[in-house]
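Content type JSON, C-alpha atoms, from the file work_17.json:
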```json
[["chain", "number", "residue", "atom", "x", "y", "z"],
["A", 22, "MET", "CA", 2.58, -27.21, 10.19],
["A", 23, "SER", "CA", 6.03, -26.15, 11.30],
["A", 24, "ALA", "CA", 6.74, -22.85, 13.00],
["A", 25, "GLN", "CA", 9.15, -20.44, 11.34],
["A", 26, "VAL", "CA", 12.00, -19.42, 13.59],
["A", 27, "GLY", "CA", 12.97, -15.76, 13.66],
["A", 28, "ILE", "CA", 10.64, -14.38, 10.94],
["A", 29, "PRO", "CA", 7.01, -13.70, 11.82],
["A", 30, "ARG", "CA", 4.33, -14.80, 9.35],
["A", 31, "ARG", "CA", 3.37, -11.24, 8.49],
["A", 32, "GLY", "CA", 6.97, -10.51, 7.70],
["A", 33, "LEU", "CA", 7.00, -13.38, 5.22],
["A", 34, "GLY", "CA", 3.82, -12.13, 3.58],
["A", 35, "LEU", "CA", 5.22, -8.62, 3.31],
["A", 36, "ALA", "CA", 8.50, -9.96, 1.94],
["A", 37, "GLY", "CA", 6.61, -11.95, -0.70],
["A", 38, "ALA", "CA", 4.64, -8.89, -1.79],
["A", 39, "VAL", "CA", 7.79, -6.76, -1.97],
["A", 40, "MET", "CA", 9.63, -9.43, -3.96],
["A", 41, "PHE", "CA", 6.72, -9.61, -6.40],
["A", 42, "LEU", "CA", 6.71, -5.82, -6.89],
["A", 43, "VAL", "CA", 10.50, -5.75, -7.37],
["A", 44, "ALA", "CA", 10.31, -8.58, -9.93],
["A", 45, "TRP", "CA", 7.52, -6.76, -11.75],
["A", 46, "GLU", "CA", 9.52, -3.50, -11.76],
["A", 47, "LEU", "CA", 12.63, -5.26, -13.08],
["A", 48, "ALA", "CA", 10.68, -7.15, -15.75],
["A", 49, "ALA", "CA", 8.99, -3.95, -16.91],
["A", 50, "ARG", "CA", 12.27, -2.00, -17.06],
["A", 51, "LEU", "CA", 14.62, -4.67, -18.42],
["A", 52, "LEU", "CA", 12.55, -7.20, -20.41],
["A", 53, "TRP", "CA", 9.54, -5.27, -21.67],
["A", 54, "ARG", "CA", 10.65, -1.75, -22.32],
["A", 55, "ASP", "CA", 7.30, -0.78, -23.84],
["A", 56, "ALA", "CA", 5.22, 0.80, -21.06],
["A", 57, "GLN", "CA", 2.04, 0.09, -23.05],
["A", 58, "ALA", "CA", 2.65, -3.68, -22.83],
["A", 59, "LEU", "CA", 3.76, -3.84, -19.19],
["A", 60, "PRO", "CA", 4.04, -0.60, -17.22],
["A", 61, "ALA", "CA", 6.23, -0.70, -14.15],
["A", 62, "PRO", "CA", 4.51, -0.25, -10.77],
["A", 63, "SER", "CA", 6.47, 2.97, -10.28],
["A", 64, "GLN", "CA", 5.18, 4.31, -13.61],
["A", 65, "ALA", "CA", 1.58, 3.45, -12.76],
["A", 66, "LEU", "CA", 1.89, 5.04, -9.33],
["A", 67, "GLY", "CA", 3.54, 8.15, -10.82],
["A", 68, "ALA", "CA", 0.76, 8.54, -13.40],
["A", 69, "ALA", "CA", -1.87, 8.16, -10.69],
["A", 70, "MET", "CA", -0.15, 10.81, -8.56],
["A", 71, "ARG", "CA", 0.01, 13.23, -11.51],
["A", 72, "HIS", "CA", -3.56, 12.80, -12.74],
["A", 73, "LEU", "CA", -5.60, 11.95, -9.65],
["A", 74, "THR", "CA", -6.27, 14.63, -7.07],
["A", 75, "ALA", "CA", -7.22, 13.85, -3.49],
["A", 76, "SER", "CA", -10.75, 15.22, -3.89],
["A", 77, "GLU", "CA", -11.25, 13.19, -7.06],
["A", 78, "LEU", "CA", -10.06, 10.05, -5.28],
["A", 79, "VAL", "CA", -12.42, 10.70, -2.36],
["A", 80, "HIS", "CA", -15.28, 11.22, -4.80],
["A", 81, "HIS", "CA", -14.61, 7.91, -6.61],
["A", 82, "VAL", "CA", -14.24, 6.01, -3.34],
["A", 83, "ALA", "CA", -17.52, 7.51, -2.07],
["A", 84, "VAL", "CA", -19.36, 6.52, -5.27],
["A", 85, "SER", "CA", -17.96, 2.98, -5.07],
["A", 86, "LEU", "CA", -18.86, 2.63, -1.39],
["A", 87, "GLY", "CA", -22.36, 3.93, -2.09],
["A", 88, "ARG", "CA", -22.78, 1.42, -4.89],
["A", 89, "ILE", "CA", -21.54, -1.43, -2.68],
["A", 90, "GLY", "CA", -23.65, -0.34, 0.28],
["A", 91, "GLY", "CA", -26.81, 0.10, -1.79],
["A", 92, "GLY", "CA", -26.48, -3.19, -3.68],
["A", 93, "PHE", "CA", -25.63, -5.06, -0.50],
["A", 94, "ALA", "CA", -28.51, -3.48, 1.44],
["A", 95, "LEU", "CA", -31.02, -4.43, -1.26],
["A", 96, "GLY", "CA", -29.60, -7.96, -1.58],
["A", 97, "ALA", "CA", -29.53, -8.48, 2.18],
["A", 98, "LEU", "CA", -33.06, -7.14, 2.62],
["A", 99, "ALA", "CA", -34.42, -9.36, -0.16],
["A", 100, "GLY", "CA", -32.42, -12.38, 1.07],
["A", 101, "ILE", "CA", -33.56, -12.02, 4.67],
["A", 102, "THR", "CA", -37.18, -11.36, 3.69],
["A", 103, "LEU", "CA", -37.45, -14.26, 1.25],
["A", 104, "GLY", "CA", -35.33, -16.61, 3.36],
["A", 105, "VAL", "CA", -37.31, -16.00, 6.54],
["A", 106, "THR", "CA", -40.63, -16.19, 4.70],
["A", 107, "ALA", "CA", -39.66, -19.39, 2.85],
["A", 108, "GLY", "CA", -38.44, -20.94, 6.08],
["A", 109, "TRP", "CA", -41.57, -19.93, 7.99],
["A", 110, "TYR", "CA", -44.04, -21.07, 5.31],
["A", 111, "PRO", "CA", -43.00, -24.53, 4.04],
["A", 112, "TRP", "CA", -45.07, -24.24, 0.85],
["A", 113, "LEU", "CA", -43.18, -21.10, -0.14],
["A", 114, "GLY", "CA", -39.89, -22.82, 0.66],
["A", 115, "ARG", "CA", -40.81, -25.71, -1.65],
["A", 116, "LEU", "CA", -41.68, -23.15, -4.32],
["A", 117, "ALA", "CA", -38.66, -20.82, -4.04],
["A", 118, "ARG", "CA", -35.86, -23.14, -2.97],
["A", 119, "PRO", "CA", -35.43, -25.04, -6.30],
["A", 120, "LEU", "CA", -35.12, -21.81, -8.26],
["A", 121, "VAL", "CA", -32.61, -20.36, -5.79],
["A", 122, "ASP", "CA", -30.64, -23.63, -5.78],
["A", 123, "LEU", "CA", -30.56, -23.53, -9.57],
["A", 124, "LEU", "CA", -29.25, -19.94, -9.76],
["A", 125, "ARG", "CA", -27.04, -19.86, -6.64],
["A", 126, "PRO", "CA", -24.00, -21.69, -8.11],
["A", 127, "ILE", "CA", -23.66, -19.11, -10.90],
["A", 128, "PRO", "CA", -20.90, -16.69, -9.86],
["A", 129, "PRO", "CA", -21.95, -13.03, -9.69],
["A", 130, "LEU", "CA", -19.35, -12.11, -12.33],
["A", 131, "ALA", "CA", -21.02, -14.49, -14.79],
["A", 132, "TRP", "CA", -24.16, -12.35, -14.50],
["A", 133, "ILE", "CA", -22.38, -9.26, -15.87],
["A", 134, "PRO", "CA", -23.32, -9.85, -19.56],
["A", 135, "ILE", "CA", -26.96, -10.41, -18.61],
["A", 136, "ALA", "CA", -26.89, -7.33, -16.36],
["A", 137, "ILE", "CA", -25.53, -5.24, -19.23],
["A", 138, "VAL", "CA", -28.22, -6.52, -21.60],
["A", 139, "TRP", "CA", -31.00, -5.97, -19.06],
["A", 140, "PHE", "CA", -29.84, -2.69, -17.48],
["A", 141, "GLY", "CA", -27.21, -1.23, -19.82],
["A", 142, "LEU", "CA", -23.77, 0.00, -18.78],
["A", 143, "GLY", "CA", -24.95, 2.37, -16.06],
["A", 144, "GLU", "CA", -25.35, 2.05, -12.31],
["A", 145, "PRO", "CA", -28.32, -0.37, -12.27],
["A", 146, "SER", "CA", -26.26, -3.18, -13.80],
["A", 147, "LYS", "CA", -23.54, -2.71, -11.17],
["A", 148, "TRP", "CA", -26.10, -2.65, -8.36],
["A", 149, "PHE", "CA", -27.68, -5.82, -9.79],
["A", 150, "VAL", "CA", -24.42, -7.78, -9.74],
["A", 151, "ILE", "CA", -23.69, -6.64, -6.16],
["A", 152, "PHE", "CA", -27.30, -7.49, -5.23],
["A", 153, "LEU", "CA", -26.85, -11.05, -6.50],
["A", 154, "GLY", "CA", -23.54, -11.44, -4.69],
["A", 155, "ALA", "CA", -25.29, -10.61, -1.42],
["A", 156, "PHE", "CA", -28.70, -12.18, -2.00],
["A", 157, "PHE", "CA", -27.82, -15.86, -2.37],
["A", 158, "PRO", "CA", -25.69, -16.34, 0.77],
["A", 159, "VAL", "CA", -28.09, -14.26, 2.86],
["A", 160, "PHE", "CA", -31.13, -16.14, 1.58],
["A", 161, "THR", "CA", -29.51, -19.54, 2.08],
["A", 162, "ASN", "CA", -28.47, -18.80, 5.65],
["A", 163, "ALA", "CA", -31.76, -17.13, 6.59],
["A", 164, "TYR", "CA", -33.66, -20.13, 5.22],
["A", 165, "ARG", "CA", -31.35, -22.53, 7.04],
["A", 166, "GLY", "CA", -31.76, -20.57, 10.27],
["A", 167, "MET", "CA", -35.55, -20.63, 10.04],
["A", 168, "THR", "CA", -35.75, -24.34, 9.19],
["A", 169, "SER", "CA", -33.31, -25.37, 11.90],
["A", 170, "ILE", "CA", -35.18, -23.80, 14.81],
["A", 171, "PRO", "CA", -35.73, -26.55, 17.39],
["A", 172, "PRO", "CA", -39.42, -27.53, 17.28],
["A", 173, "VAL", "CA", -39.43, -27.79, 21.07],
["A", 174, "LEU", "CA", -38.68, -24.06, 21.22],
["A", 175, "LEU", "CA", -41.73, -23.24, 19.11],
["A", 176, "ARG", "CA", -43.94, -25.66, 21.07],
["A", 177, "ALA", "CA", -42.78, -24.15, 24.35],
["A", 178, "ALA", "CA", -43.65, -20.65, 23.11],
["A", 179, "ARG", "CA", -47.08, -21.85, 21.98],
["A", 180, "THR", "CA", -47.77, -23.26, 25.43],
["A", 181, "MET", "CA", -47.26, -19.73, 26.76],
["A", 182, "ASP", "CA", -49.87, -18.39, 24.30],
["A", 183, "VAL", "CA", -47.31, -16.93, 21.89],
["A", 184, "ASP", "CA", -48.64, -17.48, 18.38],
["A", 185, "GLY", "CA", -48.87, -15.85, 14.96],
["A", 186, "PRO", "CA", -46.66, -12.81, 14.30],
["A", 187, "ALA", "CA", -45.47, -12.75, 17.91],
["A", 188, "LEU", "CA", -44.13, -16.30, 17.54],
["A", 189, "LEU", "CA", -42.27, -15.27, 14.41],
["A", 190, "PHE", "CA", -40.81, -12.01, 15.73],
["A", 191, "ARG", "CA", -40.22, -12.93, 19.39],
["A", 192, "VAL", "CA", -39.09, -16.55, 19.08],
["A", 193, "ALA", "CA", -38.29, -17.68, 15.52],
["A", 194, "LEU", "CA", -36.32, -14.65, 14.28],
["A", 195, "PRO", "CA", -34.13, -14.38, 17.39],
["A", 196, "ALA", "CA", -33.42, -18.12, 17.12],
["A", 197, "ALA", "CA", -32.45, -17.72, 13.44],
["A", 198, "LEU", "CA", -30.32, -14.57, 13.93],
["A", 199, "PRO", "CA", -26.98, -16.41, 14.27],
["A", 200, "ASP", "CA", -27.48, -18.00, 10.84],
["A", 201, "ILE", "CA", -28.75, -14.74, 9.36],
["A", 202, "SER", "CA", -25.67, -12.88, 10.64],
["A", 203, "VAL", "CA", -23.40, -15.51, 9.08],
["A", 204, "GLY", "CA", -25.24, -14.98, 5.78],
["A", 205, "LEU", "CA", -24.76, -11.22, 6.05],
["A", 206, "ARG", "CA", -21.05, -11.64, 6.74],
["A", 207, "VAL", "CA", -20.59, -14.04, 3.80],
["A", 208, "GLY", "CA", -22.78, -11.93, 1.52],
["A", 209, "PHE", "CA", -20.80, -8.79, 2.26],
["A", 210, "GLY", "CA", -17.60, -10.56, 1.25]]
```
Same coordinates, now as structure tokens:
Amino acid sequence: MSAQVGIPRRGLGLAGAVMFLVAWELAARLLWRDAQALPAPSQALGAAMRHLTASELVHHVAVSLGRIGGGFALGALAGITLGVTAGWYPWLGRLARPLVDLLRPIPPLAWIPIAIVWFGLGEPSKWFVIFLGAFFPVFTNAYRGMTSIPPVLLRAARTMDVDGPALLFRVALPAALPDISVGLRVGFG
């Protein structure tokens, strides 16, 4: 990789974005004069400024953030719960893992038609798609974190009379937290 002399990388990225917008504006004004086929960025921005008030924009952003936060919270909660449980109990891992591995490669956007059929066009279908986008990476990383705990760590805790739920919550979960946090970060993306 060679270093650019004189122009910082961010400057190049900004220049590329500006050049794209200028080309779009020129194409919309000179080549396609029909605003229905290809509206210019300035026309779209002007229409948004005329029809969208600040309070309306804040309302729509709040609804979208609530939808994202709710769907992500449910997906993360389900992914952590099932991933930790499947990693802690091997029989449950053998039961759940094949189904998750079968469904995980399907992109969340491919679930939209099924979500519409199951839940209609309202909020539940949107929450479901966001839930799926968060669930699979969180589950996978939580499961990986639980199954990759060094056995010597668990044996050492057992020698100090830590067993049962205390072993899970005081030793296993803290050891799996780095993987779980990676799953949360990927799932939120």
I'd like the neighbourhood of region 88-97 of chain A as a PDB file with C-alpha atoms, in the frame of the given file, where a residue qualifies if any of its atoms comes within 7 Å (using all atoms listed in the file), though same-chain residues fewer than 5 positions away should be ignored.
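Below you can see result-v6.pdb, which holds the result:
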```pdb
ATOM      1  CA  TRP A 148     -26.100  -2.650  -8.360  1.00  0.00           C
ATOM      2  CA  PHE A 149     -27.680  -5.820  -9.790  1.00  0.00           C
ATOM      3  CA  ILE A 151     -23.690  -6.640  -6.160  1.00  0.00           C
ATOM      4  CA  PHE A 152     -27.300  -7.490  -5.230  1.00  0.00           C
ATOM      5  CA  LEU A 153     -26.850 -11.050  -6.500  1.00  0.00           C
ATOM      6  CA  ALA A 155     -25.290 -10.610  -1.420  1.00  0.00           C
ATOM      7  CA  PHE A 156     -28.700 -12.180  -2.000  1.00  0.00           C
ATOM      8  CA  VAL A 159     -28.090 -14.260   2.860  1.00  0.00           C
ATOM      9  CA  LEU A 205     -24.760 -11.220   6.050  1.00  0.00           C
ATOM     10  CA  PHE A 209     -20.800  -8.790   2.260  1.00  0.00           C
TER      11      PHE A 209
END
```
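With all atoms listed in the file as the basis for measurement, A:Glu46 is the residue among A:Asp200, A:Asp184, A:Glu77, A:Glu46 that approaches Ser63 (chain A) most closely.
Of note, CA of Asp122 (chain A) and CA of Pro195 (chain A) are spaced 25.2 Å apart.
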Taking all listed atoms of region 81-88 of chain A, build the axis-aligned box, pad each of the six sides by 8 Å, then write its centre and edge lengths in Å to one decimal as AutoDock Vina command-line options.
```
--center_x -18.5 --center_y 4.7 --center_z -4.0 --size_x 24.5 --size_y 22.5 --size_z 21.2
```
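For the set A:Ala99, A:Tyr164, A:His80, A:Val138, the residue with the smallest atom-to-atom gap to Arg115 (chain A) is A:Tyr164, counting all atoms listed in the file.
Here CA of Ser169 (chain A) stands at a distance of 29.3 Å from CA of Val150 (chain A).
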TODO: Record the distance separating CA of Pro134 (chain A) and CA of Ala58 (chain A), expressed in Å with one decimal.
DONE: 26.9 Å
Fewer than 5 positions away in the same chain doesn't count, so skip those; otherwise give me all residues within 10 Å of Ser202 (chain A), counting all atoms listed in the file, as a PDB file with C-alpha atoms, in the frame of the given file.
```pdb
ATOM      1  CA  ILE A 101     -33.560 -12.020   4.670  1.00  0.00           C
ATOM      2  CA  VAL A 159     -28.090 -14.260   2.860  1.00  0.00           C
ATOM      3  CA  ASN A 162     -28.470 -18.800   5.650  1.00  0.00           C
ATOM      4  CA  ALA A 163     -31.760 -17.130   6.590  1.00  0.00           C
ATOM      5  CA  GLY A 166     -31.760 -20.570  10.270  1.00  0.00           C
ATOM      6  CA  ALA A 197     -32.450 -17.720  13.440  1.00  0.00           C
ATOM      7  CA  VAL A 207     -20.590 -14.040   3.800  1.00  0.00           C
ATOM      8  CA  GLY A 208     -22.780 -11.930   1.520  1.00  0.00           C
TER       9      GLY A 208
END
```
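Excluding Ala178 (chain A) itself and same-chain residues fewer than 6 positions from it, the residues having an atom within 10 Å of it are Pro172, Asp184, Ala187, Leu188, Arg191, Val192 and Ala193 of chain A, counting all atoms listed in the file.
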Task: Spatial neighbours of Arg50 (chain A), max dist 9 Å, only C-alpha atoms, sep filter under 5 positions, as a ChimeraX atom specification - done: /A:45,55-56,59-61
